[in-house]
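Below you'll find the structure, written out as structure tokens, and then a few comments.
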Amino acid sequence: MDMSEELKKAQVLVEALPYIQKFNRKIIVVKYGGSAMVDEELKRKVIQDVVLLKLVGFKPTIVHGGGKEISKWVTKTGGEAKFVNGLRVTDEPTMEIAEMVLNRVNKSLVALIEELGVKACGISGKDGGMLKVEKKMSGGEDIGYVGEVKSVDATIIHSLLKDDFLPVICPVGYDASFHSYNINADDAACAVARAVNAEKLAFLTDIEGVYRDYNDKSTLISELSTSEAKELLSSGTIGGGMLPKLGNCIEAIENGVSRVHILDGRIPHCLLLEIFTNKGIGTAILSDDAERFYNTNI
């Protein structure tokens, strides 16, 4: 009887063991957005990954976006999605739509998690005064109800984690006058990760990771220190959409997050492949003095 397939499965589990030991009981923040939120099959696989992380002893927390869905509903209601420097212009009607859509997305993710047997709780940045914001400008231009996170009260997140819930966070917050603001999901995920001292922050995106040269796919970087990331930022070789994301990653590391991962959410089970295998599939960003994992035995 050929046992090669079964032995391969056993080898995968053995390879995962040191990572499970290293990150057991540690908080992992997953920023969930892009195509992986639109494709139902990919959505299910991402949620399976997060549930597995929970069941092997990690403490995952999801911060989700919903930009494509918001744009769809703005168009459906006769409006037009407008962007300035990559940021959505959010007037009052758009803010109403954004909040409704994001809450709908939030509860659909909660349902998927619950379906897989894990307790989940969907909250927004308004709950427990979690995300306090100020109005964000884009290159000096007013873009409406778009907020920049000024403070995070992580009490509700810690309470949910302690009671064995998987928090699912919708990126909407209040300003000092209790007006609602839409928050860029990358910014919200970074702010949350810093506030809870996350061991890992994983961005699910529509790109494979960080390249030294975006036009040469063989230049994908598996691991990148913050110093190397800053050099890349100043080199001018990084594409427009990656600039703010890489800036967010550096800021997260400098504020206590141990490792940040940029992953291609279009690859099924990308979270498991990055976190539990020696090779990894995306780009991991870490502090200058952190231990390197890839191509080594940890």
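Scheme for the structure tokens: letters A, B, ... for chains in order shown; per-chain residue numbers from 1; ligand numbers from 1 in order shown.
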
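If you count only C-alpha atoms and ignore residues fewer than 3 places along the chain from A:Lys132, what sits within 10 Å of it is A:Gly125, A:Lys126, A:Gly129, A:Gly147, A:Glu148, A:Val149, A:Lys150, A:Ser151, A:Val152, A:Asp153, A:Val172, A:Gly173, A:Tyr174, A:Asp175, A:Ala176, A:Phe178, A:Ser180, A:Tyr181.
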
Just to be explicit: take each residue in the selection above, keep all heavy atoms, and write the result as a compact mmCIF listing (two decimals), in the first residue's frame.
# COMPACT_ATOMS: atom_id res chain seq x y z
N GLY A 125 -15.70 49.98 15.26
CA GLY A 125 -14.83 50.83 16.07
C GLY A 125 -15.59 51.74 17.01
O GLY A 125 -15.01 52.34 17.92
N LYS A 126 -16.93 51.83 16.80
CA LYS A 126 -17.76 52.63 17.71
C LYS A 126 -17.99 51.92 19.04
O LYS A 126 -18.17 52.55 20.07
CB LYS A 126 -19.14 52.88 17.07
CG LYS A 126 -19.12 53.82 15.87
CD LYS A 126 -20.56 53.92 15.36
CE LYS A 126 -20.71 55.01 14.33
NZ LYS A 126 -22.11 55.14 13.90
N GLY A 129 -16.18 52.61 22.36
CA GLY A 129 -15.29 53.73 22.03
C GLY A 129 -13.93 53.25 21.56
O GLY A 129 -12.90 53.87 21.81
N GLY A 147 -11.71 59.02 8.46
CA GLY A 147 -11.05 59.27 9.74
C GLY A 147 -9.64 58.73 9.83
O GLY A 147 -9.32 57.70 9.25
N GLU A 148 -8.81 59.45 10.55
CA GLU A 148 -7.47 58.99 10.90
C GLU A 148 -7.52 58.56 12.36
O GLU A 148 -7.95 59.34 13.23
CB GLU A 148 -6.47 60.13 10.72
CG GLU A 148 -5.07 59.71 11.01
CD GLU A 148 -4.08 60.38 10.07
OE1 GLU A 148 -4.43 61.35 9.37
OE2 GLU A 148 -2.95 59.91 10.05
N VAL A 149 -7.10 57.34 12.67
CA VAL A 149 -7.19 56.83 14.04
C VAL A 149 -6.23 57.60 14.95
O VAL A 149 -5.04 57.68 14.68
CB VAL A 149 -6.88 55.32 14.10
CG1 VAL A 149 -6.98 54.82 15.54
CG2 VAL A 149 -7.82 54.53 13.21
N LYS A 150 -6.79 58.16 16.02
CA LYS A 150 -5.98 58.90 16.99
C LYS A 150 -5.75 58.11 18.26
O LYS A 150 -4.73 58.27 18.93
CB LYS A 150 -6.67 60.24 17.32
CG LYS A 150 -6.54 61.25 16.22
CD LYS A 150 -5.09 61.67 16.05
CE LYS A 150 -4.78 62.06 14.61
NZ LYS A 150 -3.36 62.14 14.34
N SER A 151 -6.72 57.27 18.64
CA SER A 151 -6.52 56.44 19.83
C SER A 151 -7.36 55.17 19.71
O SER A 151 -8.37 55.15 19.00
CB SER A 151 -6.91 57.20 21.10
OG SER A 151 -8.30 57.46 21.12
N VAL A 152 -6.89 54.12 20.38
CA VAL A 152 -7.59 52.83 20.39
C VAL A 152 -7.79 52.41 21.83
O VAL A 152 -6.84 52.35 22.60
CB VAL A 152 -6.78 51.74 19.64
CG1 VAL A 152 -7.54 50.42 19.64
CG2 VAL A 152 -6.45 52.17 18.22
N ASP A 153 -9.04 52.12 22.19
CA ASP A 153 -9.33 51.51 23.49
C ASP A 153 -9.61 50.03 23.22
O ASP A 153 -10.66 49.67 22.70
CB ASP A 153 -10.55 52.19 24.12
CG ASP A 153 -10.85 51.64 25.52
OD1 ASP A 153 -10.42 50.50 25.82
OD2 ASP A 153 -11.52 52.33 26.31
N VAL A 172 -15.13 51.51 11.32
CA VAL A 172 -15.89 52.76 11.44
C VAL A 172 -15.64 53.28 12.85
O VAL A 172 -15.60 52.49 13.80
CB VAL A 172 -17.40 52.50 11.23
CG1 VAL A 172 -18.21 53.76 11.52
CG2 VAL A 172 -17.67 52.04 9.80
N GLY A 173 -15.42 54.59 12.99
CA GLY A 173 -15.16 55.14 14.31
C GLY A 173 -15.84 56.48 14.52
O GLY A 173 -16.51 57.00 13.62
N TYR A 174 -15.66 57.03 15.71
CA TYR A 174 -16.22 58.33 16.09
C TYR A 174 -15.13 59.40 16.15
O TYR A 174 -13.98 59.09 16.49
CB TYR A 174 -16.77 58.28 17.52
CG TYR A 174 -18.07 57.58 17.73
CD1 TYR A 174 -18.21 56.68 18.78
CD2 TYR A 174 -19.19 57.86 16.95
CE1 TYR A 174 -19.41 56.06 19.05
CE2 TYR A 174 -20.40 57.23 17.20
CZ TYR A 174 -20.51 56.33 18.25
OH TYR A 174 -21.70 55.73 18.51
N ASP A 175 -15.52 60.67 15.91
CA ASP A 175 -14.62 61.76 16.26
C ASP A 175 -15.03 62.27 17.65
O ASP A 175 -15.91 61.69 18.31
CB ASP A 175 -14.63 62.87 15.21
CG ASP A 175 -15.95 63.64 15.14
OD1 ASP A 175 -16.86 63.37 15.95
OD2 ASP A 175 -16.06 64.52 14.26
N ALA A 176 -14.41 63.36 18.10
CA ALA A 176 -14.69 63.88 19.45
C ALA A 176 -16.14 64.32 19.61
O ALA A 176 -16.66 64.37 20.73
CB ALA A 176 -13.74 65.05 19.75
N PHE A 178 -18.65 62.70 18.20
CA PHE A 178 -19.43 61.48 17.96
C PHE A 178 -20.08 61.43 16.57
O PHE A 178 -21.12 60.82 16.38
CB PHE A 178 -20.49 61.25 19.07
CG PHE A 178 -19.85 60.95 20.39
CD1 PHE A 178 -19.55 61.96 21.28
CD2 PHE A 178 -19.48 59.64 20.72
CE1 PHE A 178 -18.91 61.70 22.49
CE2 PHE A 178 -18.84 59.36 21.92
CZ PHE A 178 -18.56 60.39 22.81
N SER A 180 -19.80 59.86 12.81
CA SER A 180 -19.25 58.60 12.27
C SER A 180 -18.27 58.88 11.14
O SER A 180 -18.53 59.74 10.29
CB SER A 180 -20.38 57.72 11.74
OG SER A 180 -21.26 57.38 12.77
N TYR A 181 -17.18 58.12 11.14
CA TYR A 181 -16.17 58.25 10.08
C TYR A 181 -15.79 56.87 9.56
O TYR A 181 -15.64 55.92 10.35
CB TYR A 181 -14.90 58.94 10.60
CG TYR A 181 -15.02 60.45 10.66
CD1 TYR A 181 -15.74 61.07 11.67
CD2 TYR A 181 -14.40 61.26 9.71
CE1 TYR A 181 -15.86 62.45 11.74
CE2 TYR A 181 -14.51 62.64 9.76
CZ TYR A 181 -15.23 63.23 10.78
OH TYR A 181 -15.34 64.59 10.84

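For the choices A:Glu208, A:Asp187, A:Glu80, A:Glu92, the atom-to-atom distance to A:Gly265 is smallest for A:Glu208 when using only C-alpha atoms.
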
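Within stretch 47-131 of chain A, DSSP run on the backbone puts these residues in strand (DSSP E or B): A:Lys59, A:Pro60, A:Thr61, A:Ile62, A:Val63, A:His64, A:Phe83, A:Val84, A:Leu87, A:Arg88, A:Thr90, A:Ala120, A:Cys121, A:Gly122, A:Ile123, A:Ser124, A:Leu131.
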
Show me, as an MDAnalysis selection string, the residues that have an atom within 9 Å of A:Gly66 when counting only C-alpha atoms, minus same-chain residues fewer than 3 positions from it. chainID A and resid 32:34 37:38 69:71 98 101:102 105 185

Store the residues picked out above, limited to C-alpha atoms, as a PDB file, in the first residue's frame.
ATOM      1  CA  TYR A  32      -9.086  41.003   5.316  1.00  0.00           C
ATOM      2  CA  GLY A  33      -9.866  42.754   2.023  1.00  0.00           C
ATOM      3  CA  GLY A  34      -9.473  42.679  -1.754  1.00  0.00           C
ATOM      4  CA  MET A  37     -13.723  39.148   0.105  1.00  0.00           C
ATOM      5  CA  VAL A  38     -15.588  39.079  -3.211  1.00  0.00           C
ATOM      6  CA  GLU A  69     -18.972  46.277  -2.014  1.00  0.00           C
ATOM      7  CA  ILE A  70     -19.350  49.947  -0.965  1.00  0.00           C
ATOM      8  CA  SER A  71     -18.585  51.108  -4.527  1.00  0.00           C
ATOM      9  CA  ALA A  98     -20.503  52.566   3.821  1.00  0.00           C
ATOM     10  CA  VAL A 101     -22.489  47.768   3.804  1.00  0.00           C
ATOM     11  CA  LEU A 102     -19.614  47.255   6.263  1.00  0.00           C
ATOM     12  CA  VAL A 105     -20.135  42.309   5.510  1.00  0.00           C
ATOM     13  CA  ALA A 185      -9.071  49.166   6.767  1.00  0.00           C
TER      14      ALA A 185
END

Considering only C-alpha atoms, return as a ChimeraX atom specification whatever protein or nucleic-acid residues lie within 7 Å of stretch 193-204 of chain A, sequence-local ones (same chain, fewer than 5 positions apart) excluded. /A:26-33,152,154,252,255-265

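Inside stretch 124-202 of chain A, the residues DSSP reads as helix (DSSP H, G or I) when given the backbone are A:Asp127, A:Gly128, A:Gly129, A:Thr155, A:Ile156, A:Ile157, A:His158, A:Ser159, A:Leu160, A:Leu161, A:Lys162, A:Ala185, A:Asp186, A:Asp187, A:Ala188, A:Ala189, A:Cys190, A:Ala191, A:Val192, A:Ala193, A:Arg194, A:Ala195.
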
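You will find atom CA of A:Phe276 at 9.8 Å from atom CA of A:Val14.
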